Amino acid sequence: MSEAKSILEIRDLTVKLSNGVTALEGINIDVKQKDLIALIGPNGAGKSTLLKAILGLIKPTSGSVTLFGSKDLSKNLKYVGYVPQSAQARDPNLPFSVYETVLLGRTPVAGLLHGMGAKDREKVDETLKMFGIYELKDRKIGQLSGGQSQRVFLAKAMVAEPKLLLLDEPTSGVDTSSKKEFYNILDKLNKERGITVILSSHDIGVITKIANRVLCLNRSQFFCGENEDFQADIEIHKLYEHPVELMEHHDHP
Ligand SMILES: Nc1ncnc2c1ncn2[C@@H]1O[C@H](COP(=O)(O)OP(=O)(O)O)[C@@H](O)[C@H]1O
Ligand SMILES: [Mg+2]
């Protein structure tokens with residue numbers, strides 16, 4: 001088979017929230033192994049809701065999500081790494097060290113009953129080094145810069161060796177050089193390790209450089225396709241250069 005393995009299939013996904021708001025409507029995408037998908041759209045577009053629906057944290061009102069070939073999402077969650085929006089620690093008194101935080105990310109693999117073994121600690125060390133945060137391992141996470149804590153939370157997600165990585169606005173509140181470094185790491189994980197990534201962001205310029213595909217939504221789907229086609233689509237481009245004016249006219253309840 002020449003076709004890359006299907007990681008995720010979303011069919012006609014509609015999500016109505018309990019307050020009656022339709023957060024997503026008619027979303028369709030097939031994610032293949034080694035895709036790096038840029039999930040873009042203005043605030044309130046439904047990006048976080050979509051990631052939560054993939055994780056089974058929010059139930060679809062209609063349509064379906066199939067993860068690694070199964071509609072039972074919990075079955076394959078061990079292959080998924082997730083960094084929620086604003087994961088960076090805000091509380092300077094948070095008692096966890098960098099090492100402990102990343103070690104916790106290993107729980108899905110190690111299992112709660114067996115506890116962490118030498119292999120898990122080895123993996124934590126390797127991951128800390130890979131993300132350039134080994135020398136920070138004894139620092140408390142609440143005392144790191146935005147860019148440093150962002151790398152810690154990515155390391156925490158990666159230490160369980162996921163096949164699919166879901167990142168929700170990972171670069172918000174992070175300075176420009178940390179952002180660049182972060183995208184370099186992601187690019188490497190994707191190209192060299194073959195990790196499939198879905199990355200939600202406002203940072204359209206940078207992500208369309210490393211993404212091979214783009215899903216642009218504002219409750220409903222505006223564009224889903226190859227990065228080059230997205231860049232070449234004048235109408236979408238215009239739309240995105242004026243996202244507030246044009247996208248907010250979209251009938252939002
Ligand atoms: N917990 C919630 N309760 C009620 N409405 C919510 C909740 N979370 C999100 N929403 C609404 O759902 C829509 C989509 O939000 P969200 O997925 O967070 O968008 P984005 O991540 O693109 O900013 C918005 O209209 C938002 O106000
Ligand atoms: Mg969001």
# chains A, B, ... in the order shown; residues from 1 in each chain; ligands from 1
call {"tool": "select_by_dssp", "arguments": {"residues": "segment 125-244 of chain A", "states": "helix (DSSP H, G or I)", "output": "count of residues only"}}
result
66
call {"tool": "residues_near_ligand", "arguments": {"ligand": "ligand 2", "cutoff": "8 Å", "atoms": "only C-alpha atoms and all ligand atoms", "output": "JSON, numbers by chain"}}
result
{"A": [43, 44, 45, 46, 47, 48, 49, 85, 168, 169, 200]}
call {"tool": "closest_atom_pairs", "arguments": {"of": "chain A", "to": "ligand 1", "cutoff": "12 Å", "atoms": "only C-alpha atoms and all ligand atoms", "output": "CSV"}}
result
residue,atom,partner,partner_atom_place_in_ligand_line,distance
A:Thr14,CA,ligand 1,14 (C),11.8
A:Val15,CA,ligand 1,12 (O),9.1
A:Lys16,CA,ligand 1,12 (O),8.5
A:Leu17,CA,ligand 1,4 (C),6.3
A:Ser18,CA,ligand 1,4 (C),7.1
A:Asn19,CA,ligand 1,4 (C),6.0
A:Gly20,CA,ligand 1,4 (C),8.5
A:Val21,CA,ligand 1,25 (O),6.4
A:Thr22,CA,ligand 1,12 (O),7.1
A:Ala23,CA,ligand 1,13 (C),4.4
A:Leu24,CA,ligand 1,14 (C),7.3
A:Glu25,CA,ligand 1,14 (C),10.9
A:Leu39,CA,ligand 1,22 (O),9.0
A:Ile40,CA,ligand 1,22 (O),7.8
A:Gly41,CA,ligand 1,22 (O),6.1
A:Pro42,CA,ligand 1,22 (O),6.0
A:Asn43,CA,ligand 1,23 (O),3.7
A:Gly44,CA,ligand 1,19 (O),3.4
A:Ala45,CA,ligand 1,22 (O),3.7
A:Gly46,CA,ligand 1,17 (O),3.2
A:Lys47,CA,ligand 1,22 (O),3.7
A:Ser48,CA,ligand 1,21 (O),3.7
A:Thr49,CA,ligand 1,17 (O),3.7
A:Leu50,CA,ligand 1,17 (O),6.5
A:Leu51,CA,ligand 1,17 (O),8.2
A:Lys52,CA,ligand 1,17 (O),8.3
A:Ala53,CA,ligand 1,17 (O),9.8
A:Leu57,CA,ligand 1,1 (N),11.2
A:Ile58,CA,ligand 1,1 (N),9.9
A:Pro84,CA,ligand 1,21 (O),10.2
A:Gln85,CA,ligand 1,21 (O),8.2
A:Ser86,CA,ligand 1,21 (O),11.2
A:Leu167,CA,ligand 1,21 (O),11.2
A:Asp168,CA,ligand 1,21 (O),7.7
A:Glu169,CA,ligand 1,21 (O),8.3
A:Pro170,CA,ligand 1,21 (O),11.8
A:Leu199,CA,ligand 1,21 (O),11.4
A:Ser200,CA,ligand 1,21 (O),8.0
A:Ser201,CA,ligand 1,22 (O),8.7
A:His202,CA,ligand 1,22 (O),9.2
A:Leu215,CA,ligand 1,22 (O),11.9
A:Cys216,CA,ligand 1,22 (O),10.2
A:Leu217,CA,ligand 1,22 (O),8.2
A:Asn218,CA,ligand 1,22 (O),7.4
A:Arg219,CA,ligand 1,14 (C),7.1
A:Ser220,CA,ligand 1,14 (C),10.8
A:Glu248,CA,ligand 1,25 (O),11.6
A:Asp251,CA,ligand 1,25 (O),11.5
A:His252,CA,ligand 1,25 (O),7.9
A:Pro253,CA,ligand 1,25 (O),7.9
call {"tool": "residues_around", "arguments": {"residues": "Phe153 of chain A", "least_positions_apart": "2", "cutoff": "8 Å", "atoms": "only C-alpha atoms", "output": "number ranges by chain"}}
result
A: 83, 87-88, 101-102, 149-151, 155-157
call {"tool": "write_last_selection", "arguments": {"atoms": "N, CA, C and O atoms", "output": "mmCIF file, in the first residue's frame"}}
result
data_model
loop_
_atom_site.group_PDB
_atom_site.id
_atom_site.type_symbol
_atom_site.label_atom_id
_atom_site.label_comp_id
_atom_site.auth_asym_id
_atom_site.auth_seq_id
_atom_site.Cartn_x
_atom_site.Cartn_y
_atom_site.Cartn_z
ATOM 1 N N VAL A 83 -0.956 18.506 24.833
ATOM 2 C CA VAL A 83 -0.546 19.662 25.636
ATOM 3 C C VAL A 83 -1.682 20.678 25.573
ATOM 4 O O VAL A 83 -1.912 21.298 24.537
ATOM 5 N N ALA A 87 -0.828 25.392 29.135
ATOM 6 C CA ALA A 87 -0.313 24.356 30.032
ATOM 7 C C ALA A 87 0.817 24.909 30.890
ATOM 8 O O ALA A 87 1.085 24.415 31.969
ATOM 9 N N GLN A 88 1.467 25.971 30.366
ATOM 10 C CA GLN A 88 2.596 26.523 31.119
ATOM 11 C C GLN A 88 2.151 26.892 32.527
ATOM 12 O O GLN A 88 1.117 27.504 32.726
ATOM 13 N N THR A 101 7.799 16.538 36.797
ATOM 14 C CA THR A 101 6.742 16.829 35.831
ATOM 15 C C THR A 101 6.850 15.915 34.614
ATOM 16 O O THR A 101 5.862 15.325 34.173
ATOM 17 N N VAL A 102 8.070 15.790 34.102
ATOM 18 C CA VAL A 102 8.265 14.961 32.908
ATOM 19 C C VAL A 102 8.063 13.479 33.256
ATOM 20 O O VAL A 102 7.447 12.725 32.497
ATOM 21 N N SER A 149 9.113 26.520 30.243
ATOM 22 C CA SER A 149 8.044 25.649 30.737
ATOM 23 C C SER A 149 7.287 25.011 29.568
ATOM 24 O O SER A 149 6.825 23.880 29.663
ATOM 25 N N GLN A 150 7.240 25.727 28.443
ATOM 26 C CA GLN A 150 6.603 25.159 27.266
ATOM 27 C C GLN A 150 7.361 23.905 26.797
ATOM 28 O O GLN A 150 6.755 22.893 26.436
ATOM 29 N N ARG A 151 8.687 23.961 26.862
ATOM 30 C CA ARG A 151 9.474 22.783 26.475
ATOM 31 C C ARG A 151 9.284 21.648 27.470
ATOM 32 O O ARG A 151 9.272 20.483 27.102
ATOM 33 N N ALA A 155 7.967 18.010 26.553
ATOM 34 C CA ALA A 155 8.746 16.833 26.968
ATOM 35 C C ALA A 155 7.868 15.856 27.746
ATOM 36 O O ALA A 155 7.945 14.640 27.561
ATOM 37 N N LYS A 156 6.994 16.405 28.602
ATOM 38 C CA LYS A 156 6.075 15.566 29.383
ATOM 39 C C LYS A 156 5.161 14.754 28.451
ATOM 40 O O LYS A 156 4.874 13.584 28.700
ATOM 41 N N ALA A 157 4.706 15.401 27.373
ATOM 42 C CA ALA A 157 3.847 14.697 26.413
ATOM 43 C C ALA A 157 4.654 13.675 25.605
ATOM 44 O O ALA A 157 4.167 12.597 25.288
#
call {"tool": "residues_around", "arguments": {"residues": "Val31 of chain A", "least_positions_apart": "6", "cutoff": "8 Å", "atoms": "only C-alpha atoms", "output": "PyMOL selection string"}}
result
chain A and resi 6-9
call {"tool": "residues_around", "arguments": {"residues": "Gly132 of chain A", "least_positions_apart": "3", "cutoff": "10 Å", "atoms": "only C-alpha atoms", "output": "list in words"}}
result
Glu126, Thr127, Leu128, Lys129, Glu135, Leu136, Gln148, Arg151, Val152 and Ala155 of chain A
call {"tool": "write_last_selection", "arguments": {"atoms": "N, CA and C atoms", "output": "PDB file, in the first residue's frame"}}
result
ATOM      1  N   GLU A 126      16.699  10.972  28.810  1.00  0.00           N
ATOM      2  CA  GLU A 126      16.908  11.126  27.363  1.00  0.00           C
ATOM      3  C   GLU A 126      16.039  12.266  26.807  1.00  0.00           C
ATOM      4  N   THR A 127      14.789  12.306  27.279  1.00  0.00           N
ATOM      5  CA  THR A 127      13.854  13.323  26.789  1.00  0.00           C
ATOM      6  C   THR A 127      14.264  14.722  27.270  1.00  0.00           C
ATOM      7  N   LEU A 128      14.678  14.808  28.540  1.00  0.00           N
ATOM      8  CA  LEU A 128      15.127  16.104  29.076  1.00  0.00           C
ATOM      9  C   LEU A 128      16.304  16.630  28.248  1.00  0.00           C
ATOM     10  N   LYS A 129      17.214  15.732  27.895  1.00  0.00           N
ATOM     11  CA  LYS A 129      18.385  16.141  27.107  1.00  0.00           C
ATOM     12  C   LYS A 129      17.966  16.572  25.704  1.00  0.00           C
ATOM     13  N   GLU A 135      19.554  20.395  32.311  1.00  0.00           N
ATOM     14  CA  GLU A 135      20.207  21.181  33.381  1.00  0.00           C
ATOM     15  C   GLU A 135      19.170  21.905  34.257  1.00  0.00           C
ATOM     16  N   LEU A 136      17.915  21.912  33.818  1.00  0.00           N
ATOM     17  CA  LEU A 136      16.855  22.544  34.622  1.00  0.00           C
ATOM     18  C   LEU A 136      16.120  21.532  35.491  1.00  0.00           C
ATOM     19  N   GLN A 148      10.778  28.062  28.538  1.00  0.00           N
ATOM     20  CA  GLN A 148      11.302  26.870  29.219  1.00  0.00           C
ATOM     21  C   GLN A 148      10.161  25.943  29.647  1.00  0.00           C
ATOM     22  N   ARG A 151       8.687  23.961  26.862  1.00  0.00           N
ATOM     23  CA  ARG A 151       9.474  22.783  26.475  1.00  0.00           C
ATOM     24  C   ARG A 151       9.284  21.648  27.470  1.00  0.00           C
ATOM     25  N   VAL A 152       9.113  21.989  28.765  1.00  0.00           N
ATOM     26  CA  VAL A 152       8.878  20.963  29.776  1.00  0.00           C
ATOM     27  C   VAL A 152       7.567  20.226  29.482  1.00  0.00           C
ATOM     28  N   ALA A 155       7.967  18.010  26.553  1.00  0.00           N
ATOM     29  CA  ALA A 155       8.746  16.833  26.968  1.00  0.00           C
ATOM     30  C   ALA A 155       7.868  15.856  27.746  1.00  0.00           C
TER      31      ALA A 155
END
call {"tool": "select_by_dssp", "arguments": {"residues": "segment 127-228 of chain A", "states": "strand (DSSP E)", "output": "PDB file with N, CA, C and O atoms, in the first residue's frame"}}
result
ATOM      1  N   LEU A 164       0.827  10.328  17.994  1.00  0.00           N
ATOM      2  CA  LEU A 164       0.099  11.543  17.608  1.00  0.00           C
ATOM      3  C   LEU A 164       0.209  12.567  18.735  1.00  0.00           C
ATOM      4  O   LEU A 164      -0.013  12.252  19.902  1.00  0.00           O
ATOM      5  N   LEU A 165       0.549  13.776  18.347  1.00  0.00           N
ATOM      6  CA  LEU A 165       0.749  14.845  19.321  1.00  0.00           C
ATOM      7  C   LEU A 165      -0.268  15.957  19.046  1.00  0.00           C
ATOM      8  O   LEU A 165      -0.348  16.464  17.921  1.00  0.00           O
ATOM      9  N   LEU A 166      -1.066  16.314  20.060  1.00  0.00           N
ATOM     10  CA  LEU A 166      -2.045  17.394  19.923  1.00  0.00           C
ATOM     11  C   LEU A 166      -1.571  18.573  20.766  1.00  0.00           C
ATOM     12  O   LEU A 166      -1.418  18.448  21.977  1.00  0.00           O
ATOM     13  N   LEU A 167      -1.338  19.693  20.110  1.00  0.00           N
ATOM     14  CA  LEU A 167      -0.813  20.860  20.819  1.00  0.00           C
ATOM     15  C   LEU A 167      -1.769  22.028  20.653  1.00  0.00           C
ATOM     16  O   LEU A 167      -2.074  22.444  19.536  1.00  0.00           O
ATOM     17  N   ASP A 168      -2.252  22.555  21.775  1.00  0.00           N
ATOM     18  CA  ASP A 168      -3.247  23.627  21.721  1.00  0.00           C
ATOM     19  C   ASP A 168      -2.586  24.975  22.026  1.00  0.00           C
ATOM     20  O   ASP A 168      -2.266  25.267  23.176  1.00  0.00           O
ATOM     21  N   THR A 196       3.162  12.298  14.182  1.00  0.00           N
ATOM     22  CA  THR A 196       2.068  13.045  13.559  1.00  0.00           C
ATOM     23  C   THR A 196       1.654  14.157  14.536  1.00  0.00           C
ATOM     24  O   THR A 196       1.557  13.908  15.735  1.00  0.00           O
ATOM     25  N   VAL A 197       1.447  15.357  13.997  1.00  0.00           N
ATOM     26  CA  VAL A 197       1.180  16.495  14.879  1.00  0.00           C
ATOM     27  C   VAL A 197      -0.058  17.270  14.414  1.00  0.00           C
ATOM     28  O   VAL A 197      -0.225  17.518  13.215  1.00  0.00           O
ATOM     29  N   ILE A 198      -0.912  17.631  15.354  1.00  0.00           N
ATOM     30  CA  ILE A 198      -1.963  18.619  15.074  1.00  0.00           C
ATOM     31  C   ILE A 198      -1.707  19.784  16.024  1.00  0.00           C
ATOM     32  O   ILE A 198      -1.650  19.614  17.243  1.00  0.00           O
ATOM     33  N   LEU A 199      -1.517  20.945  15.425  1.00  0.00           N
ATOM     34  CA  LEU A 199      -1.050  22.102  16.165  1.00  0.00           C
ATOM     35  C   LEU A 199      -2.020  23.254  15.975  1.00  0.00           C
ATOM     36  O   LEU A 199      -2.212  23.737  14.855  1.00  0.00           O
ATOM     37  N   SER A 200      -2.690  23.657  17.048  1.00  0.00           N
ATOM     38  CA  SER A 200      -3.583  24.801  16.908  1.00  0.00           C
ATOM     39  C   SER A 200      -2.808  26.070  17.238  1.00  0.00           C
ATOM     40  O   SER A 200      -1.975  26.080  18.146  1.00  0.00           O
ATOM     41  N   SER A 201      -3.049  27.112  16.466  1.00  0.00           N
ATOM     42  CA  SER A 201      -2.308  28.355  16.687  1.00  0.00           C
ATOM     43  C   SER A 201      -2.923  29.527  15.945  1.00  0.00           C
ATOM     44  O   SER A 201      -3.680  29.369  15.004  1.00  0.00           O
ATOM     45  N   ARG A 213      -0.177  20.329   5.983  1.00  0.00           N
ATOM     46  CA  ARG A 213      -1.592  20.541   5.691  1.00  0.00           C
ATOM     47  C   ARG A 213      -2.185  21.554   6.661  1.00  0.00           C
ATOM     48  O   ARG A 213      -1.670  21.753   7.754  1.00  0.00           O
ATOM     49  N   VAL A 214      -3.282  22.150   6.221  1.00  0.00           N
ATOM     50  CA  VAL A 214      -3.918  23.204   7.018  1.00  0.00           C
ATOM     51  C   VAL A 214      -5.411  22.898   7.158  1.00  0.00           C
ATOM     52  O   VAL A 214      -6.064  22.525   6.182  1.00  0.00           O
ATOM     53  N   LEU A 215      -5.918  23.024   8.384  1.00  0.00           N
ATOM     54  CA  LEU A 215      -7.359  22.986   8.614  1.00  0.00           C
ATOM     55  C   LEU A 215      -7.731  24.334   9.205  1.00  0.00           C
ATOM     56  O   LEU A 215      -7.298  24.686  10.295  1.00  0.00           O
ATOM     57  N   CYS A 216      -8.486  25.091   8.419  1.00  0.00           N
ATOM     58  CA  CYS A 216      -8.870  26.438   8.838  1.00  0.00           C
ATOM     59  C   CYS A 216     -10.352  26.421   9.177  1.00  0.00           C
ATOM     60  O   CYS A 216     -11.173  26.076   8.317  1.00  0.00           O
ATOM     61  N   LEU A 217     -10.690  26.749  10.404  1.00  0.00           N
ATOM     62  CA  LEU A 217     -12.103  26.703  10.757  1.00  0.00           C
ATOM     63  C   LEU A 217     -12.545  27.922  11.536  1.00  0.00           C
ATOM     64  O   LEU A 217     -11.740  28.643  12.137  1.00  0.00           O
ATOM     65  N   ASN A 218     -13.822  28.171  11.440  1.00  0.00           N
ATOM     66  CA  ASN A 218     -14.476  29.112  12.335  1.00  0.00           C
ATOM     67  C   ASN A 218     -15.876  28.557  12.561  1.00  0.00           C
ATOM     68  O   ASN A 218     -16.801  28.885  11.837  1.00  0.00           O
ATOM     69  N   SER A 220     -17.523  26.282  11.385  1.00  0.00           N
ATOM     70  CA  SER A 220     -17.531  25.345  10.276  1.00  0.00           C
ATOM     71  C   SER A 220     -16.165  25.401   9.588  1.00  0.00           C
ATOM     72  O   SER A 220     -15.331  26.242   9.926  1.00  0.00           O
ATOM     73  N   GLN A 221     -15.993  24.527   8.614  1.00  0.00           N
ATOM     74  CA  GLN A 221     -14.682  24.370   7.996  1.00  0.00           C
ATOM     75  C   GLN A 221     -14.523  25.300   6.794  1.00  0.00           C
ATOM     76  O   GLN A 221     -15.307  25.230   5.868  1.00  0.00           O
ATOM     77  N   PHE A 222     -13.520  26.170   6.819  1.00  0.00           N
ATOM     78  CA  PHE A 222     -13.273  27.077   5.699  1.00  0.00           C
ATOM     79  C   PHE A 222     -12.350  26.465   4.678  1.00  0.00           C
ATOM     80  O   PHE A 222     -12.460  26.696   3.487  1.00  0.00           O
ATOM     81  N   PHE A 223     -11.371  25.727   5.154  1.00  0.00           N
ATOM     82  CA  PHE A 223     -10.386  25.130   4.257  1.00  0.00           C
ATOM     83  C   PHE A 223      -9.800  23.916   4.931  1.00  0.00           C
ATOM     84  O   PHE A 223      -9.513  23.924   6.120  1.00  0.00           O
ATOM     85  N   CYS A 224      -9.609  22.848   4.134  1.00  0.00           N
ATOM     86  CA  CYS A 224      -8.868  21.693   4.633  1.00  0.00           C
ATOM     87  C   CYS A 224      -8.108  21.121   3.459  1.00  0.00           C
ATOM     88  O   CYS A 224      -8.709  20.698   2.481  1.00  0.00           O
ATOM     89  N   GLY A 225      -6.791  21.173   3.516  1.00  0.00           N
ATOM     90  CA  GLY A 225      -6.026  20.646   2.394  1.00  0.00           C
ATOM     91  C   GLY A 225      -4.550  20.891   2.545  1.00  0.00           C
ATOM     92  O   GLY A 225      -4.066  21.225   3.632  1.00  0.00           O
ATOM     93  N   GLU A 226      -3.847  20.725   1.422  1.00  0.00           N
ATOM     94  CA  GLU A 226      -2.390  20.856   1.434  1.00  0.00           C
ATOM     95  C   GLU A 226      -1.993  22.298   1.726  1.00  0.00           C
ATOM     96  O   GLU A 226      -2.685  23.240   1.319  1.00  0.00           O
TER      97      GLU A 226
END
call {"tool": "residues_around", "arguments": {"residues": "Lys71 of chain A", "least_positions_apart": "2", "cutoff": "12 Å", "atoms": "only C-alpha atoms", "output": "mmCIF file with N, CA and C atoms, in the first residue's frame"}}
result
data_model
loop_
_atom_site.group_PDB
_atom_site.id
_atom_site.type_symbol
_atom_site.label_atom_id
_atom_site.label_comp_id
_atom_site.auth_asym_id
_atom_site.auth_seq_id
_atom_site.Cartn_x
_atom_site.Cartn_y
_atom_site.Cartn_z
ATOM 1 N N ILE A 7 -4.316 7.813 10.793
ATOM 2 C CA ILE A 7 -4.157 8.017 12.226
ATOM 3 C C ILE A 7 -5.508 8.421 12.829
ATOM 4 N N LEU A 8 -6.189 9.298 12.091
ATOM 5 C CA LEU A 8 -7.414 9.896 12.617
ATOM 6 C C LEU A 8 -8.362 10.217 11.464
ATOM 7 N N GLU A 9 -9.631 9.845 11.661
ATOM 8 C CA GLU A 9 -10.647 10.223 10.666
ATOM 9 C C GLU A 9 -11.776 10.942 11.390
ATOM 10 N N ILE A 10 -12.081 12.139 10.914
ATOM 11 C CA ILE A 10 -13.201 12.895 11.476
ATOM 12 C C ILE A 10 -14.242 13.049 10.376
ATOM 13 N N ARG A 11 -15.469 12.600 10.665
ATOM 14 C CA ARG A 11 -16.542 12.625 9.677
ATOM 15 C C ARG A 11 -17.723 13.453 10.157
ATOM 16 N N ALA A 53 -12.545 16.865 21.358
ATOM 17 C CA ALA A 53 -13.388 15.823 20.760
ATOM 18 C C ALA A 53 -12.523 14.638 20.303
ATOM 19 N N ILE A 54 -11.312 14.931 19.828
ATOM 20 C CA ILE A 54 -10.399 13.863 19.403
ATOM 21 C C ILE A 54 -9.994 13.012 20.609
ATOM 22 N N LEU A 55 -9.862 13.669 21.753
ATOM 23 C CA LEU A 55 -9.455 12.973 22.979
ATOM 24 C C LEU A 55 -10.638 12.301 23.689
ATOM 25 N N GLY A 56 -11.850 12.536 23.180
ATOM 26 C CA GLY A 56 -13.031 11.965 23.827
ATOM 27 C C GLY A 56 -13.461 12.730 25.069
ATOM 28 N N LYS A 59 -18.144 14.923 23.762
ATOM 29 C CA LYS A 59 -18.832 13.971 22.874
ATOM 30 C C LYS A 59 -19.420 14.692 21.663
ATOM 31 N N PRO A 60 -19.286 14.096 20.472
ATOM 32 C CA PRO A 60 -19.910 14.688 19.298
ATOM 33 C C PRO A 60 -21.433 14.653 19.425
ATOM 34 N N GLY A 63 -21.935 12.850 13.891
ATOM 35 C CA GLY A 63 -20.676 12.581 13.216
ATOM 36 C C GLY A 63 -19.787 11.691 14.067
ATOM 37 N N SER A 64 -18.556 11.468 13.592
ATOM 38 C CA SER A 64 -17.716 10.512 14.316
ATOM 39 C C SER A 64 -16.236 10.876 14.302
ATOM 40 N N VAL A 65 -15.549 10.347 15.300
ATOM 41 C CA VAL A 65 -14.092 10.460 15.388
ATOM 42 C C VAL A 65 -13.543 9.034 15.471
ATOM 43 N N THR A 66 -12.619 8.700 14.581
ATOM 44 C CA THR A 66 -11.987 7.379 14.604
ATOM 45 C C THR A 66 -10.495 7.557 14.807
ATOM 46 N N LEU A 67 -9.994 7.004 15.899
ATOM 47 C CA LEU A 67 -8.594 7.195 16.272
ATOM 48 C C LEU A 67 -7.877 5.852 16.142
ATOM 49 N N PHE A 68 -6.835 5.805 15.343
ATOM 50 C CA PHE A 68 -6.088 4.562 15.080
ATOM 51 C C PHE A 68 -7.047 3.410 14.768
ATOM 52 N N GLY A 69 -8.026 3.705 13.923
ATOM 53 C CA GLY A 69 -8.929 2.662 13.440
ATOM 54 C C GLY A 69 -10.073 2.308 14.376
ATOM 55 N N LEU A 73 -12.436 5.733 21.598
ATOM 56 C CA LEU A 73 -11.256 6.604 21.677
ATOM 57 C C LEU A 73 -10.340 6.239 22.845
ATOM 58 N N SER A 74 -10.928 5.784 23.948
ATOM 59 C CA SER A 74 -10.118 5.491 25.137
ATOM 60 C C SER A 74 -9.123 4.366 24.871
ATOM 61 N N LYS A 75 -9.478 3.509 23.908
ATOM 62 C CA LYS A 75 -8.630 2.347 23.600
ATOM 63 C C LYS A 75 -7.227 2.764 23.135
ATOM 64 N N ASN A 76 -7.152 3.846 22.392
ATOM 65 C CA ASN A 76 -5.865 4.220 21.784
ATOM 66 C C ASN A 76 -5.277 5.527 22.312
ATOM 67 N N LEU A 77 -5.859 6.013 23.401
ATOM 68 C CA LEU A 77 -5.352 7.286 23.950
ATOM 69 C C LEU A 77 -3.894 7.199 24.389
#
call {"tool": "closest_residue", "arguments": {"among": "A:Leu144, A:Ile27, A:Ala232, A:Met158", "to": "Arg106 of chain A", "atoms": "only C-alpha atoms"}}
result
A:Met158
call {"tool": "atom_distance", "arguments": {"atom1": "atom CA of Thr171 of chain A", "atom2": "atom CA of Ile141 of chain A"}}
result
16.9 Å
call {"tool": "residues_around", "arguments": {"residues": "Ala110 of chain A", "least_positions_apart": "6", "cutoff": "9 Å", "atoms": "only C-alpha atoms", "output": "VMD selection string"}}
result
chain A and resid 116 to 117 120 160
call {"tool": "write_last_selection", "arguments": {"atoms": "C-alpha atoms", "output": "PDB file, in the first residue's frame"}}
result
ATOM      1  CA  MET A 116       8.468   3.804  37.463  1.00  0.00           C
ATOM      2  CA  GLY A 117      11.413   1.567  36.683  1.00  0.00           C
ATOM      3  CA  ASP A 120      11.313   4.983  32.609  1.00  0.00           C
ATOM      4  CA  ALA A 160       5.328   8.476  26.737  1.00  0.00           C
TER       5      ALA A 160
END
call {"tool": "atom_distance", "arguments": {"atom1": "atom CA of Asp233 of chain A", "atom2": "atom CA of Asp30 of chain A"}}
result
20.4 Å
call {"tool": "closest_residue", "arguments": {"among": "A:Lys123, A:Thr61, A:Ala38, A:Ile185", "to": "Asp203 of chain A", "atoms": "only C-alpha atoms"}}
result
A:Ala38
call {"tool": "atom_distance", "arguments": {"atom1": "atom CA of Leu36 of chain A", "atom2": "atom CA of Tyr82 of chain A"}}
result
14.5 Å
